[in-house]
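The structure appears below as structure tokens.
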Amino acid sequence: MRKNNFITKFYTNVSKKKMQGKRRFDKGHGFPYNRPFIANKLKRPALSTARQRLPFWRLIAGGHVGVGFALTNAPQNDTSRDTHTASAWLGVLHMKGTAIMKQCEEIHNVVKHDQHFLITTHVRSDGDGIGSEIALYHALVGMGKTVFIANDSPTPQIYKFIVPPEGMYIHPQTPKDRPDVVFALDSPTRERLGKIQEIIPPDAVIINIDHHISNEYFGAINWVAEHMCATGEIILSLLKGMNVEITPDIATALYVSIVTDTGRFMHSNTTPAALKAAAFLIECGARHEEISRNVYNTNPFNLLQLHAQVLNTAKLHAGNRIATVWLTKEMLEKTQINAIDTQEFADIPVSIDGVIVGVLFRDMTKPNWVKVSFRSRNGFDVNEIAGKFGGGGHKYAAGCEIEGNIAGVQQNIVEVLEKALLQKNSGA
Ligand SMILES: [Mn+2]
């Protein structure tokens, strides 16, 4: 049973990687090893045991080198694949299983060997990114390591109650310590780390831990688990695998990850595993009432006023199957709200009865650029739509950035969505 699930998942993952392969080649990294790893190998001849083993594990863990060649002919639908690839396929399955089991051990080896760690997440950090960072921070500090968190964007107000008293930096403030290892959490690409990319030493080992479909495997070690509800769920597996005691502080941070990325256990990623993880975290002392109060029940009055203004912009399109709202620079300025505190607004339009795709358009800080946040349901894949504009995310929640003004971008996006909805209806 378990094995069957795993096999299905593996097919899916390989197909996705096959599709992503082109992008990786174009960008000139990720094959056969990414640049940081090559730099690492060239500049640091006295490699630790863990590092020496990286190329081997990269071969099978990433699933896109020798393995990738064997699977080149494997189509996305595994029921119709060519027979001549089948034996290679089965061999690979075995290797992949081993690699997954080894993922924890691989990271644990790096953690044991190195002393200086930097933890970071994507721009406009959210509850999952921040919760994962802080949990890992406490774990590594508990292991006697030198650890810093550095993020591109400010911490949203609602997550400040879990920020440790020291060790967390927001750009342009950065830690002076030079890390041996960089943990990139919940970030599908290196670019999404924003300005933090600039402070990553070229010879640092990047460990990429994420659950986005659109992840580009940019690390020397990549643990990408699309089936996990939140990066925090992967961090929990990692910490358990490293025999780290889950303290109330770690549990609280990871609960923030899971409760926010599942939309309070309401999104489609609310799996049995997500709920089991949440239950386990409460057993470990996660302060869930404090989390609910801070994250969901402490709205500043001006934030609610902004909420009302955004609701006023709601429009329905395409026979009420698409809903849009927008948020302008002027609205933010007038209510004195930081854009980072408006992340939940993207959930509003898709909540309208009958709507399949909801979109939030927001003026970005860079002039004439609009941030587009998609939410969807009923099997409509917005990761694919966001991908057309250089963005990505998950099937039911994704985003991208587009040059132009809100009115123009909205028109363009609504047209693209309408077409996609038509295609979906015609079964294409
Ligand atoms: Mn996440």
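By order in the structure tokens, chains are A, B, ...; within a chain, residues start at 1; ligands start at 1, following the order shown.
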Problem - All residues 9 Å or closer to region 335-337 of chain A, only C-alpha atoms, same chain fewer than 4 positions away omitted, as a VMD selection string - result: chain A and resid 302 to 303 305 to 306 330 to 331 341 to 342
Handout entry: Residue list (helix (DSSP H, G or I), DSSP) for region 174-232 of chain A, as a PyMOL selection string
Key = chain A and resi 191-199+231-232
Can those selected residues be exported to a file as a short mmCIF file (atom, residue, chain, number, x, y, z; two decimals), in the first residue's frame so that it contains N, CA and C atoms?
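Contents of the output file again-v4.cif:
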```cif
data_model
loop_
_atom_site.label_atom_id
_atom_site.label_comp_id
_atom_site.auth_asym_id
_atom_site.auth_seq_id
_atom_site.Cartn_x
_atom_site.Cartn_y
_atom_site.Cartn_z
N GLU A 191 16.71 32.66 -6.78
CA GLU A 191 16.34 34.07 -6.98
C GLU A 191 15.33 34.55 -5.94
N ARG A 192 14.44 33.64 -5.54
CA ARG A 192 13.40 34.00 -4.56
C ARG A 192 13.97 34.34 -3.19
N LEU A 193 15.26 34.07 -2.99
CA LEU A 193 15.87 34.46 -1.70
C LEU A 193 16.12 35.96 -1.67
N GLY A 194 15.95 36.61 -2.80
CA GLY A 194 16.10 38.07 -2.87
C GLY A 194 17.53 38.50 -2.57
N LYS A 195 17.66 39.53 -1.77
CA LYS A 195 18.99 40.12 -1.53
C LYS A 195 19.87 39.22 -0.67
N ILE A 196 19.30 38.22 -0.06
CA ILE A 196 20.11 37.31 0.76
C ILE A 196 21.09 36.52 -0.11
N GLN A 197 20.76 36.36 -1.40
CA GLN A 197 21.69 35.69 -2.32
C GLN A 197 23.08 36.30 -2.27
N GLU A 198 23.11 37.64 -2.10
CA GLU A 198 24.39 38.36 -2.13
C GLU A 198 25.29 38.01 -0.95
N ILE A 199 24.72 37.55 0.15
CA ILE A 199 25.57 37.26 1.31
C ILE A 199 25.90 35.77 1.44
N THR A 231 6.67 23.45 4.45
CA THR A 231 8.09 23.16 4.65
C THR A 231 8.30 22.78 6.12
N GLY A 232 7.48 23.35 7.00
CA GLY A 232 7.56 23.00 8.42
C GLY A 232 7.36 21.51 8.68
#
```
List every residue of chain A that has an atom at most 6 Å from any atom of ligand 1, giving for each one its closest atom pair and the distance in Å to one decimal, counting only C-alpha atoms and all ligand atoms, sorted by chain and then by ascending residue number, as a Markdown table.
```
| residue | atom | partner | partner_atom_place_in_ligand_line | distance |
| --- | --- | --- | --- | --- |
| A:Asp128 | CA | ligand 1 | 1 (Mn) | 4.9 |
| A:Asp186 | CA | ligand 1 | 1 (Mn) | 5.2 |
| A:Ala230 | CA | ligand 1 | 1 (Mn) | 4.7 |
| A:Thr231 | CA | ligand 1 | 1 (Mn) | 5.2 |
| A:Asp261 | CA | ligand 1 | 1 (Mn) | 5.7 |
```
Exercise for the section: Skip Trp326 (chain A) itself and residues of its chain fewer than 4 positions away, then list as JSON, numbers by chain all residues within 8 Å of it, counting only C-alpha atoms. Expected result: {"A": [310, 313, 314, 360, 361, 362, 406]}
Export C-alpha atoms of the chosen residues as a PDB file, in the first residue's frame?
```
ATOM      1  CA  VAL A 310      -9.940  45.894  -0.938  1.00  0.00           C
ATOM      2  CA  THR A 313     -12.721  46.529  -5.546  1.00  0.00           C
ATOM      3  CA  ALA A 314     -14.124  42.976  -5.982  1.00  0.00           C
ATOM      4  CA  LEU A 360      -5.293  39.720  -5.970  1.00  0.00           C
ATOM      5  CA  PHE A 361      -3.392  42.450  -7.848  1.00  0.00           C
ATOM      6  CA  ARG A 362      -1.073  44.592  -5.731  1.00  0.00           C
ATOM      7  CA  ILE A 406      -3.069  47.123 -12.178  1.00  0.00           C
TER       8      ILE A 406
END
```
Exercise for the section: Fewer than 5 positions away in the same chain doesn't count, so skip those; otherwise give me all residues within 12 Å of Thr270 (chain A), counting only C-alpha atoms, as number ranges by chain. Expected result: A: 227-230, 233, 258-265, 275-278
So that I can see what lies close to Ile340 (chain A), please list as an mmCIF file with N, CA and C atoms, in the first residue's frame the residues with an atom at most 12 Å from it, counting only C-alpha atoms and leaving out residues fewer than 6 positions away in the same chain.
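Once everything was written out, this is result31.cif:
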```cif
data_model
loop_
_atom_site.group_PDB
_atom_site.id
_atom_site.type_symbol
_atom_site.label_atom_id
_atom_site.label_comp_id
_atom_site.auth_asym_id
_atom_site.auth_seq_id
_atom_site.Cartn_x
_atom_site.Cartn_y
_atom_site.Cartn_z
ATOM 1 N N VAL A 123 11.554 35.796 -0.393
ATOM 2 C CA VAL A 123 11.139 37.188 -0.214
ATOM 3 C C VAL A 123 9.680 37.199 0.257
ATOM 4 N N ARG A 124 9.299 38.305 0.928
ATOM 5 C CA ARG A 124 7.960 38.405 1.537
ATOM 6 C C ARG A 124 7.638 37.129 2.325
ATOM 7 N N SER A 125 8.483 36.886 3.303
ATOM 8 C CA SER A 125 8.391 35.666 4.103
ATOM 9 C C SER A 125 6.986 35.474 4.657
ATOM 10 N N ASP A 126 6.554 34.211 4.718
ATOM 11 C CA ASP A 126 5.225 33.907 5.267
ATOM 12 C C ASP A 126 5.367 33.031 6.512
ATOM 13 N N GLY A 127 4.237 32.599 7.047
ATOM 14 C CA GLY A 127 4.243 31.821 8.284
ATOM 15 C C GLY A 127 5.037 30.533 8.159
ATOM 16 N N ASP A 152 15.266 38.565 3.377
ATOM 17 C CA ASP A 152 15.159 39.722 2.493
ATOM 18 C C ASP A 152 14.106 40.709 3.008
ATOM 19 N N SER A 153 12.976 40.167 3.469
ATOM 20 C CA SER A 153 11.825 41.018 3.777
ATOM 21 C C SER A 153 11.514 41.029 5.264
ATOM 22 N N PRO A 154 10.869 42.109 5.726
ATOM 23 C CA PRO A 154 10.518 42.192 7.138
ATOM 24 C C PRO A 154 9.565 41.081 7.566
ATOM 25 N N THR A 155 9.595 40.759 8.841
ATOM 26 C CA THR A 155 8.705 39.741 9.395
ATOM 27 C C THR A 155 7.311 40.343 9.560
ATOM 28 N N PRO A 156 6.275 39.714 8.977
ATOM 29 C CA PRO A 156 4.925 40.236 9.209
ATOM 30 C C PRO A 156 4.632 40.328 10.710
ATOM 31 N N GLN A 157 3.915 41.367 11.076
ATOM 32 C CA GLN A 157 3.578 41.645 12.469
ATOM 33 C C GLN A 157 3.070 40.403 13.211
ATOM 34 N N ILE A 158 2.190 39.640 12.545
ATOM 35 C CA ILE A 158 1.524 38.519 13.212
ATOM 36 C C ILE A 158 2.452 37.361 13.585
ATOM 37 N N TYR A 159 3.692 37.356 13.040
ATOM 38 C CA TYR A 159 4.620 36.269 13.378
ATOM 39 C C TYR A 159 5.712 36.718 14.330
ATOM 40 N N LEU A 303 -5.940 47.852 9.607
ATOM 41 C CA LEU A 303 -5.838 46.706 8.700
ATOM 42 C C LEU A 303 -7.257 46.271 8.270
ATOM 43 N N LEU A 332 -2.436 51.517 0.601
ATOM 44 C CA LEU A 332 -1.484 51.138 1.655
ATOM 45 C C LEU A 332 -0.993 52.371 2.407
ATOM 46 N N ARG A 362 -1.591 43.606 -6.678
ATOM 47 C CA ARG A 362 -1.073 44.592 -5.731
ATOM 48 C C ARG A 362 0.096 45.377 -6.334
ATOM 49 N N MET A 364 3.525 46.904 -6.554
ATOM 50 C CA MET A 364 4.761 46.545 -5.864
ATOM 51 C C MET A 364 5.542 47.814 -5.531
ATOM 52 N N THR A 365 6.589 47.666 -4.721
ATOM 53 C CA THR A 365 7.401 48.838 -4.368
ATOM 54 C C THR A 365 8.107 49.375 -5.610
#
```
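Proximity to Glu401 (chain A) was assessed for A:Arg375, A:Lys112, A:Lys424, A:Lys366 counting only C-alpha atoms; the smallest distance is recorded for A:Lys366.
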